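Quick look at run-v6.cif (mmCIF, C-alpha atoms):
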```
data_target
loop_
_atom_site.label_atom_id
_atom_site.label_comp_id
_atom_site.auth_asym_id
_atom_site.auth_seq_id
_atom_site.Cartn_x
_atom_site.Cartn_y
_atom_site.Cartn_z
CA MET U 3 137.64 252.08 -79.86
CA THR U 4 138.78 255.12 -77.86
CA ARG U 5 135.32 255.47 -76.32
CA SER U 6 135.39 251.87 -75.15
CA ARG U 7 138.87 252.39 -73.71
CA ARG U 8 137.57 255.41 -71.79
CA ARG U 9 134.70 253.31 -70.50
CA GLY U 10 137.27 250.72 -69.54
CA ASP U 11 139.29 253.34 -67.65
CA ASN U 12 136.15 254.37 -65.77
CA ALA U 13 135.38 250.78 -64.87
CA GLN U 14 138.95 250.31 -63.72
CA ALA U 15 138.75 253.40 -61.53
CA VAL U 16 135.48 252.22 -59.99
CA LEU U 17 136.98 248.79 -59.37
CA GLU U 18 140.08 250.28 -57.79
CA THR U 19 137.94 252.43 -55.52
CA ALA U 20 135.73 249.48 -54.63
CA LEU U 21 138.82 247.51 -53.66
CA VAL U 22 140.69 250.23 -51.82
CA ILE U 23 137.88 251.64 -49.69
CA PRO U 24 137.01 248.39 -47.86
CA ILE U 25 140.70 247.71 -47.29
CA LEU U 26 141.16 251.22 -45.91
CA LEU U 27 138.12 250.88 -43.63
CA PHE U 28 139.31 247.42 -42.55
CA LEU U 29 142.67 248.87 -41.53
CA VAL U 30 141.06 251.76 -39.66
CA CYS U 31 138.66 249.42 -37.83
CA ASN U 32 141.52 247.20 -36.72
CA PHE U 33 143.62 250.18 -35.71
CA ILE U 34 140.77 251.44 -33.52
CA ALA U 35 140.26 247.93 -32.11
CA VAL U 36 143.92 247.75 -31.07
CA MET U 37 143.61 251.13 -29.39
CA VAL U 38 140.51 249.92 -27.52
CA GLU U 39 142.33 246.75 -26.48
CA VAL U 40 145.26 248.76 -25.10
CA THR U 41 142.91 251.02 -23.18
CA VAL U 42 140.86 248.18 -21.70
CA GLN U 43 144.05 246.35 -20.71
CA GLU U 44 145.22 249.51 -18.97
CA GLN U 45 141.92 249.75 -17.09
CA LEU U 46 142.10 246.08 -16.11
CA ASN U 47 145.66 246.51 -14.82
CA SER U 48 144.59 249.52 -12.80
CA ALA U 49 141.53 247.79 -11.27
CA THR U 50 143.56 244.70 -10.36
CA ALA U 51 146.38 246.74 -8.81
CA LEU U 52 143.97 248.76 -6.68
CA ALA U 53 142.18 245.57 -5.65
CA ALA U 54 145.39 243.96 -4.41
CA GLN U 55 146.34 247.11 -2.54
CA SER U 56 142.93 247.55 -0.92
CA ARG U 57 143.17 244.17 0.79
CA PHE U 58 145.39 245.97 3.30
CA GLN U 59 142.76 248.60 4.07
CA ALA U 60 140.87 245.94 6.03
CA PRO U 61 141.93 244.80 9.49
CA GLU U 62 144.28 241.85 9.13
CA ASN U 63 142.22 239.22 10.92
CA ALA U 64 138.71 240.48 10.21
CA PHE U 65 136.15 238.08 8.74
CA ASP U 66 132.80 238.91 7.23
CA VAL U 67 129.84 238.04 9.44
CA LEU U 68 126.83 236.06 8.36
CA GLY U 69 124.75 237.89 5.78
CA THR U 70 127.59 239.95 4.28
CA ARG U 71 127.30 240.37 0.56
CA CYS U 72 129.43 241.95 -2.01
CA CYS U 73 129.27 243.61 -5.34
CA GLY U 74 129.53 241.78 -8.64
CA ALA U 75 129.36 242.36 -12.35
CA HIS U 76 125.98 242.66 -14.09
CA GLY U 77 124.12 242.92 -10.77
CA VAL U 78 125.39 239.59 -9.43
CA THR U 79 125.70 239.53 -5.66
CA LEU U 80 128.56 237.56 -4.17
CA VAL U 81 128.11 236.11 -0.68
CA THR U 82 131.23 236.72 1.39
CA SER U 83 130.10 235.52 4.83
CA GLY U 84 132.98 233.76 6.56
CA LEU U 85 135.57 235.07 4.13
CA PRO U 86 138.34 237.49 5.08
CA THR U 87 137.10 241.07 4.93
CA GLY U 88 140.18 242.03 2.94
CA CYS U 89 139.00 239.78 0.16
CA ARG U 90 135.70 241.63 -0.06
CA TYR U 91 137.51 244.96 -0.01
CA ALA U 92 139.57 243.80 -2.97
CA ALA U 93 136.45 242.74 -4.85
CA GLU U 94 134.60 245.98 -4.09
CA THR U 95 137.55 247.96 -5.34
CA PHE U 96 137.84 245.88 -8.51
CA TYR U 97 134.16 246.17 -9.42
CA GLY U 98 134.05 249.85 -8.41
CA THR U 99 136.97 250.64 -10.72
CA MET U 100 136.20 248.37 -13.66
CA THR U 101 133.10 250.28 -14.66
CA THR U 102 133.82 251.22 -18.28
CA TYR U 103 133.97 248.96 -21.34
CA THR U 104 132.22 246.19 -19.40
CA GLY U 105 129.82 245.68 -22.29
CA LEU U 106 132.73 244.52 -24.44
CA LEU U 107 134.11 242.02 -21.95
CA HIS U 108 133.36 238.35 -21.45
CA TRP U 109 134.82 237.48 -18.09
CA LYS U 110 136.47 234.22 -17.21
CA PRO U 111 134.86 233.12 -13.93
CA ALA U 112 137.26 232.77 -11.02
CA THR U 113 137.25 231.90 -7.33
CA LEU U 114 136.97 235.14 -5.43
CA CYS U 115 139.06 234.28 -2.41
CA THR U 116 142.04 231.91 -2.27
CA SER U 117 145.09 231.45 -0.12
CA GLY U 118 148.29 229.45 0.03
CA GLY U 119 149.76 229.87 -3.43
CA ASP U 120 153.51 229.69 -3.93
CA SER U 121 155.47 230.94 -6.92
CA GLY U 122 158.10 228.28 -6.20
CA ASN U 123 161.85 228.05 -6.73
CA ALA U 124 164.47 225.32 -6.95
CA GLY U 125 163.79 224.18 -3.39
CA HIS U 126 160.02 224.61 -3.39
CA PRO U 127 157.69 223.44 -6.10
CA GLN U 128 155.22 225.91 -7.50
CA ALA U 129 151.86 225.51 -5.75
CA PRO U 130 148.47 226.75 -6.95
CA PRO U 131 146.32 228.73 -4.53
CA VAL U 132 143.62 226.88 -2.60
CA ALA U 133 140.08 228.22 -2.65
CA TYR U 134 138.54 229.23 0.65
CA ALA U 135 135.55 227.13 1.60
CA GLU U 136 132.32 228.92 0.61
CA SER U 137 134.18 231.31 -1.64
CA PRO U 138 132.09 232.26 -4.70
CA SER U 139 133.50 230.71 -7.85
CA ASN U 140 131.71 233.00 -10.30
CA ALA U 141 133.65 236.16 -9.59
CA GLU U 142 135.50 238.16 -12.23
CA VAL U 143 138.52 238.72 -10.02
CA SER U 144 140.47 236.28 -7.88
CA CYS U 145 142.62 237.36 -4.96
CA ASP U 146 145.08 235.19 -3.13
CA ILE U 147 145.27 237.09 0.09
CA GLY U 148 147.98 237.20 2.73
CA ALA U 149 148.24 235.17 5.91
CA VAL U 150 145.15 235.17 8.09
CA THR U 151 144.19 233.39 11.26
CA THR U 152 141.03 231.33 11.49
CA GLY U 153 140.20 229.70 14.78
CA GLY U 154 143.81 229.77 15.86
CA GLY U 155 145.16 228.21 12.68
CA VAL U 156 147.27 230.10 10.23
CA ILE U 157 146.47 229.86 6.54
CA PRO U 158 149.60 230.75 4.63
CA GLY U 159 149.29 233.56 2.16
CA TYR U 160 150.75 233.71 -1.30
CA VAL U 161 154.50 233.32 -1.16
CA ASP U 162 156.28 235.02 -4.02
CA ARG U 163 159.77 233.60 -4.12
CA THR U 164 160.95 236.04 -6.73
CA LEU U 165 160.66 238.63 -3.99
CA ASN U 166 163.17 238.34 -1.16
CA PRO U 167 164.60 234.99 -2.37
CA PRO U 168 164.96 232.23 -1.43
CA SER U 169 162.38 232.26 1.37
CA GLY U 170 160.00 234.56 -0.51
CA LEU U 171 157.66 237.25 0.70
CA ASP U 172 154.03 237.04 1.74
CA VAL U 173 152.14 239.14 -0.73
CA VAL U 174 148.61 239.63 -1.98
CA THR U 175 148.10 238.75 -5.59
CA CYS U 176 144.96 239.48 -7.57
CA SER U 177 144.24 238.40 -11.13
CA ALA U 178 141.46 238.79 -13.67
CA SER U 179 140.91 237.46 -17.18
CA ALA U 180 138.46 238.47 -19.86
CA SER U 181 138.07 238.34 -23.59
CA LEU U 182 137.31 241.46 -25.56
CA ASP U 183 134.40 241.03 -27.95
CA PHE U 184 133.63 243.59 -30.64
CA ALA U 185 130.56 241.73 -31.90
CA ASN U 186 128.07 244.32 -30.67
CA THR U 187 130.01 247.32 -31.92
CA PRO U 188 130.36 248.91 -35.38
CA LEU U 189 133.93 247.61 -35.38
CA ALA U 190 132.59 244.07 -35.83
CA TRP U 191 132.42 244.88 -39.55
CA GLY U 192 136.20 244.62 -39.89
CA VAL U 193 137.49 243.07 -36.66
CA PHE U 194 137.49 239.31 -36.64
CA TRP U 195 139.72 238.60 -33.66
CA THR U 196 138.80 238.32 -29.99
CA PRO U 197 141.78 239.17 -27.80
CA THR U 198 142.09 237.69 -24.33
CA LEU U 199 143.17 240.12 -21.66
CA HIS U 200 144.81 239.10 -18.43
CA ALA U 201 145.94 241.22 -15.55
CA GLN U 202 147.78 240.25 -12.40
CA ALA U 203 148.95 242.55 -9.65
CA GLU U 204 150.80 242.01 -6.42
CA ALA U 205 150.87 244.17 -3.33
CA VAL U 206 153.15 243.87 -0.33
CA PRO U 207 151.89 244.55 3.18
CA PRO U 208 152.47 248.15 4.28
CA PRO U 209 154.43 248.70 7.49
CA PHE U 210 151.33 250.00 9.30
CA ARG U 211 148.17 247.94 9.56
CA GLN U 212 144.97 248.37 11.46
CA MET X 27 143.70 261.85 -95.44
CA GLY X 28 140.90 263.45 -93.46
CA GLY X 29 138.81 260.36 -93.95
CA ASP X 30 141.28 258.37 -91.81
CA PHE X 31 140.00 260.10 -88.66
CA GLU X 32 136.33 259.69 -89.34
CA GLY X 33 134.33 258.32 -86.41
CA VAL X 34 137.21 258.82 -83.97
CA VAL X 35 136.94 261.13 -80.94
CA ARG X 36 139.29 264.01 -81.40
CA PRO X 37 142.46 263.48 -79.35
CA ARG X 38 142.41 267.00 -77.76
CA ARG X 39 139.27 266.10 -75.79
CA THR X 40 140.82 263.10 -74.07
CA PRO X 41 143.17 264.89 -71.64
CA ARG X 42 140.38 267.22 -70.56
CA GLY X 43 138.09 264.22 -70.01
CA ARG X 44 140.75 262.41 -68.04
CA CYS X 45 141.40 265.52 -66.01
CA GLY X 46 137.72 265.77 -65.19
CA GLN X 47 137.59 262.13 -64.26
CA ALA X 48 140.62 262.53 -61.98
CA ILE X 49 138.98 265.49 -60.26
CA VAL X 50 135.80 263.51 -59.68
CA GLU X 51 137.79 260.55 -58.37
CA PHE X 52 139.79 262.88 -56.15
CA ALA X 53 136.60 264.53 -54.86
CA VAL X 54 135.16 261.12 -54.00
CA VAL X 55 138.27 259.67 -52.43
CA LEU X 56 139.46 262.74 -50.51
CA PRO X 57 136.61 262.78 -47.93
CA LEU X 58 136.97 259.04 -47.42
CA PHE X 59 140.71 259.33 -47.07
CA LEU X 60 140.34 262.22 -44.61
CA PHE X 61 137.69 260.27 -42.70
CA CYS X 62 140.07 257.33 -42.33
CA LEU X 63 143.05 259.52 -41.52
CA ILE X 64 141.20 261.54 -38.89
CA GLY X 65 139.65 258.36 -37.50
CA ALA X 66 143.04 256.73 -37.07
CA LEU X 67 144.58 259.87 -35.61
CA ASP X 68 141.68 260.29 -33.22
CA ALA X 69 141.79 256.67 -32.11
CA GLY X 70 145.48 257.04 -31.28
CA LEU X 71 144.95 260.30 -29.48
CA TRP X 72 141.97 258.89 -27.58
CA ALA X 73 143.99 255.86 -26.47
CA VAL X 74 146.84 258.05 -25.21
CA GLN X 75 144.43 260.32 -23.36
CA THR X 76 142.44 257.48 -21.82
CA SER X 77 145.59 255.65 -20.72
CA ALA X 78 146.83 258.81 -19.03
CA GLU X 79 143.46 259.23 -17.32
CA VAL X 80 143.39 255.64 -16.10
CA SER X 81 146.85 255.85 -14.56
CA ALA X 82 146.14 259.31 -13.11
CA VAL X 83 142.87 258.13 -11.56
CA GLU X 84 144.62 255.10 -10.07
CA GLN X 85 147.25 257.35 -8.55
CA ALA X 86 144.56 259.73 -7.30
CA ALA X 87 142.64 256.88 -5.67
CA MET X 88 145.77 255.78 -3.83
CA ILE X 89 146.41 259.34 -2.67
CA ALA X 90 142.82 259.97 -1.67
CA SER X 91 142.47 256.67 0.18
CA SER X 92 145.51 257.22 2.36
CA ALA X 93 145.71 260.99 2.68
CA GLY X 94 142.82 262.21 4.76
CA SER X 95 143.17 265.57 6.43
CA SER X 96 144.36 263.73 9.56
CA PRO X 97 145.05 260.08 10.47
CA VAL X 98 141.58 259.82 12.04
CA SER X 99 139.87 261.87 9.38
CA GLU X 100 136.32 261.00 8.46
CA THR X 101 136.26 263.02 5.28
CA ALA X 102 137.85 262.59 1.90
CA PRO X 103 140.73 264.88 1.03
CA ASP X 104 139.95 268.10 -0.78
CA ALA X 105 139.34 267.46 -4.48
CA ARG X 106 141.62 270.37 -5.33
CA ALA X 107 144.55 268.77 -3.52
CA VAL X 108 144.01 265.51 -5.39
CA THR X 109 143.64 267.39 -8.67
CA ALA X 110 146.90 269.22 -8.04
CA ALA X 111 148.63 265.92 -7.37
CA ILE X 112 147.63 264.38 -10.68
CA SER X 113 147.20 267.36 -12.95
CA GLY X 114 150.80 267.18 -14.16
CA ARG X 115 150.27 263.66 -15.42
CA LEU X 116 146.98 264.60 -17.03
CA ARG X 117 148.23 267.80 -18.60
CA SER X 118 150.99 265.98 -20.49
CA ALA X 119 148.39 263.95 -22.38
CA LEU X 120 145.26 266.09 -22.42
CA PHE X 121 146.53 268.92 -24.59
CA GLY X 122 143.81 271.32 -25.59
CA THR X 123 141.70 270.26 -22.61
CA ALA X 124 141.25 272.24 -19.43
CA ILE X 125 141.51 270.36 -16.13
CA ASP X 126 139.54 271.49 -13.13
CA SER X 127 138.39 270.07 -9.81
CA TRP X 128 134.72 269.43 -9.09
CA CYS X 129 134.31 271.18 -5.82
CA ALA X 130 131.33 272.94 -4.31
CA THR X 131 132.96 275.35 -1.89
CA ASP X 132 131.41 276.18 1.46
CA ALA X 133 131.57 279.46 3.40
CA THR X 134 135.17 278.83 4.45
CA GLY X 135 136.31 278.29 0.89
CA ASN X 136 136.89 274.56 1.35
CA CYS X 137 135.20 271.84 -0.63
CA ALA X 138 131.76 270.99 0.72
CA PRO X 139 131.49 268.01 3.08
CA ASP X 140 131.35 264.61 1.42
CA SER X 141 127.71 264.14 2.29
CA THR X 142 126.81 267.03 0.00
CA GLN X 143 129.52 266.44 -2.58
CA ARG X 144 128.00 264.78 -5.62
CA CYS X 145 130.08 263.88 -8.63
CA PRO X 146 128.61 264.59 -12.07
CA THR X 147 127.06 261.49 -13.58
CA THR X 148 127.49 262.37 -17.25
CA PRO X 149 130.08 264.29 -19.26
CA ALA X 150 127.24 266.54 -20.45
CA GLU X 151 126.71 267.69 -16.88
CA VAL X 152 130.32 268.84 -16.74
CA GLN X 153 130.00 270.60 -20.06
CA ALA X 154 126.87 272.42 -18.96
CA LYS X 155 128.71 273.84 -15.96
CA GLU X 156 132.29 274.21 -17.17
CA GLY X 157 132.03 274.59 -20.94
CA PRO X 158 133.52 272.57 -23.82
CA ARG X 159 136.71 270.55 -23.65
CA VAL X 160 136.94 270.51 -19.86
CA VAL X 161 137.48 267.50 -17.63
CA VAL X 162 136.97 267.66 -13.90
CA VAL X 163 138.44 265.59 -11.09
CA CYS X 164 135.83 264.66 -8.52
CA VAL X 165 136.50 262.97 -5.19
CA SER X 166 133.58 261.55 -3.23
CA GLU X 167 133.31 259.38 -0.17
CA ALA X 168 130.61 256.85 0.69
CA ASP X 169 130.36 256.08 4.37
CA PRO X 170 129.09 252.72 5.68
CA PRO X 171 125.80 252.53 7.59
CA ALA X 172 125.94 253.17 11.32
CA CYS X 173 126.34 250.07 13.48
CA THR X 174 123.45 249.10 15.72
CA THR X 175 122.78 246.40 18.30
CA PRO X 176 122.38 243.14 16.41
CA PRO X 177 119.10 241.23 16.69
CA PRO X 178 119.21 238.00 18.73
CA GLY X 179 121.15 235.29 16.96
CA LEU X 180 123.21 237.63 14.83
CA ARG X 181 126.77 238.67 15.49
CA SER X 182 128.05 242.20 15.53
CA PRO X 183 128.98 244.26 13.67
CA TYR X 184 125.41 244.78 12.53
CA PRO X 185 124.29 245.51 9.87
CA PRO X 186 126.99 243.69 7.89
CA GLY X 187 129.58 246.08 6.58
CA CYS X 188 128.87 248.81 9.14
CA ALA X 189 132.42 248.58 10.49
CA ASP X 190 133.95 248.99 7.06
CA SER X 191 136.18 251.87 6.23
CA PRO X 192 134.55 254.39 3.86
CA MET X 193 134.92 254.04 0.13
CA ILE X 194 136.60 256.75 -1.90
CA THR X 195 135.76 257.28 -5.55
CA VAL X 196 137.88 259.44 -7.81
CA ARG X 197 136.36 260.29 -11.15
CA VAL X 198 137.75 262.07 -14.18
CA ILE X 199 134.81 263.08 -16.33
CA GLY X 200 134.08 265.56 -19.09
CA PHE X 201 135.02 266.13 -22.71
CA VAL X 202 138.56 265.89 -24.05
CA ALA X 203 139.85 267.65 -27.15
CA SER X 204 139.96 265.59 -30.32
CA PHE X 205 140.00 265.90 -34.12
CA VAL X 206 136.34 264.94 -34.49
CA PRO X 207 134.84 267.44 -36.94
CA PRO X 208 131.46 269.11 -36.41
CA GLY X 209 128.52 266.76 -36.84
CA PHE X 210 130.51 263.61 -36.13
CA GLY X 211 131.19 261.69 -32.95
CA PRO X 212 129.25 261.38 -29.72
CA GLY X 213 130.27 264.79 -28.37
CA ALA X 214 127.79 267.59 -27.98
CA GLY X 215 130.06 269.96 -29.87
CA ALA X 216 132.86 269.73 -32.38
CA PHE X 217 136.42 268.67 -31.68
CA GLU X 218 135.71 266.82 -28.44
CA LEU X 219 135.01 263.31 -27.17
CA PRO X 220 133.36 262.30 -23.89
CA THR X 221 135.41 260.62 -21.19
CA ASP X 222 134.44 259.07 -17.87
CA ILE X 223 137.09 257.14 -15.92
CA SER X 224 136.75 256.32 -12.24
CA ALA X 225 138.49 254.33 -9.53
CA THR X 226 137.05 253.23 -6.22
CA THR X 227 138.84 251.91 -3.19
CA HIS X 228 138.47 251.64 0.55
CA THR X 229 140.16 254.28 2.64
CA LEU X 230 142.96 253.53 5.01
CA ARG X 231 141.87 254.51 8.49
CA PHE X 232 143.77 254.41 11.75
CA ALA X 233 141.96 253.75 14.99
CA PRO X 234 141.60 256.98 17.01
#
```
If you took the structure in this file and wrote it as structure tokens, what would it be?
Amino acid sequence: MTRSRRRGDNAQAVLETALVIPILLFLVCNFIAVMVEVTVQEQLNSATALAAQSRFQAPENAFDVLGTRCCGAHGVTLVTSGLPTGCRYAAETFYGTMTTYTGLLHWKPATLCTSGGDSGNAGHPQAPPVAYAESPSNAEVSCDIGAVTTGGGVIPGYVDRTLNPPSGLDVVTCSASASLDFANTPLAWGVFWTPTLHAQAEAVPPPFRQ
Amino acid sequence: MGGDFEGVVRPRRTPRGRCGQAIVEFAVVLPLFLFCLIGALDAGLWAVQTSAEVSAVEQAAMIASSAGSSPVSETAPDARAVTAAISGRLRSALFGTAIDSWCATDATGNCAPDSTQRCPTTPAEVQAKEGPRVVVVCVSEADPPACTTPPPGLRSPYPPGCADSPMITVRVIGFVASFVPPGFGPGAGAFELPTDISATTHTLRFAP
């Protein structure tokens, strides 16, 4: 009787261990996944902020000439002929900065270059940005750039009415969205969620421009 | 009386058996528990370190893109100046890790010109030169191709992009200190993890 009880104790201990170890590993996997998510979000914020800022490194009214191409994720080339040069600068900065963790990300395609968005207020309805003609729609980052002049006409830039209310302030706003997928990592064993990351950054024109 | 205990394991052996069993259980569970504990600690530490690096590199890119040696400068700022600007932020998070600037000095003691400045491509390259648990800050500049007369039918500037301002890349690369024990992790040695964070942006240039 005592021998069978001891065997029972052993079985119980093995069962306890078999239950606890997977739970422990599950918790550790998810803890690591949250840390990775925080880090990737940080990187995305940084890339988007630098992209918005770099729009102002280009001359204000410069446009890309025929044959100009730009960087892209996974070797994709984006044609930027006819688009504001500042938009390409923003994209080059974004892709040049967002170089790590790209294997974990599934990007949400976006229009590279837009203009004319409005954050809205009581007097002005919120307006979505309008895509530039010929702007690639398969980019990973989308930038609504400031006012530019094309053939004498002025295309309004993004007006953020939370800045300098009520008339708002012309700003550059860049955004990017992606989902984080752990499927091809060892963490896939215990991580069953796919977080969606979104980053948006605004930059105001500096007092000095080329 | 004695016949009542026949066929029964003597009670004095049971505590010793249980004690042995507990030791075996403890010996099995302890490494697993330590593995999980160190893994969780390391993940937290790694996230803090990487976040600090990302924000420091972003700040460095902003500094490097707008702070040439003069308003009409054609060269990136000295890597050591950029390192000095961000080392405080890095040092607060990268404890146990040395921070250095990747700078090949010329005869005058300044960093070599950008054309000869090449950032390390792998953390192992940094380790080979600087030793374990060292990260370096590297600043490099890529200049656009020279403009030429466009062929008939094409508009200047030619080739496309030749009038662009140069691109600055700031890279923090190397191995950071961690709790990874010997034989584990992707590091070449013990107690370190590789890191490679970079930021690229166009430089701000004023017309001469």
### Residue nearest chain U among X:Phe59, X:Pro171, X:Arg42, X:Ser113 (counting all atoms listed in the file)
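Closest residue, counting all atoms listed in the file: X:Phe59.
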#### Entry: Evaluate the PyMOL selection byres ((chain U and resi 197) around 6) and report residues as a VMD selection string
chain U and resid 181 to 182 196 198
### Message
I need the residue nearest chain U from this list: X:Pro186, X:Pro149, X:Gly46, X:Pro192. Use all atoms listed in the file for the distance.
### Response
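Residue with the minimum atom-to-atom distance to chain U: X:Pro186.
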### Query
Got a sec to resolve the PyMOL selection byres ((chain X) within 8 of (chain U)) on this structure and send the residues as a ChimeraX atom specification?
/X:34-35,51,55,58,62,65-66,69-70,73,76-77,80-81,84,88,180-183,186-187,190-191,222-233
### Atom-to-atom span, CA of Ala135 in chain U and CA of Val174 in chain U, Å
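If I compute the distance from CA of Ala135 in chain U to CA of Val174 in chain U, I get 18.4 Å.
Between CA of Gly74 in chain U and CA of Gln75 in chain X lies a distance of 28.0 Å.
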### Task
Record the distance separating CA of Val173 in chain U and CA of Asp120 in chain U, expressed in Å with one decimal.
10.1 Å
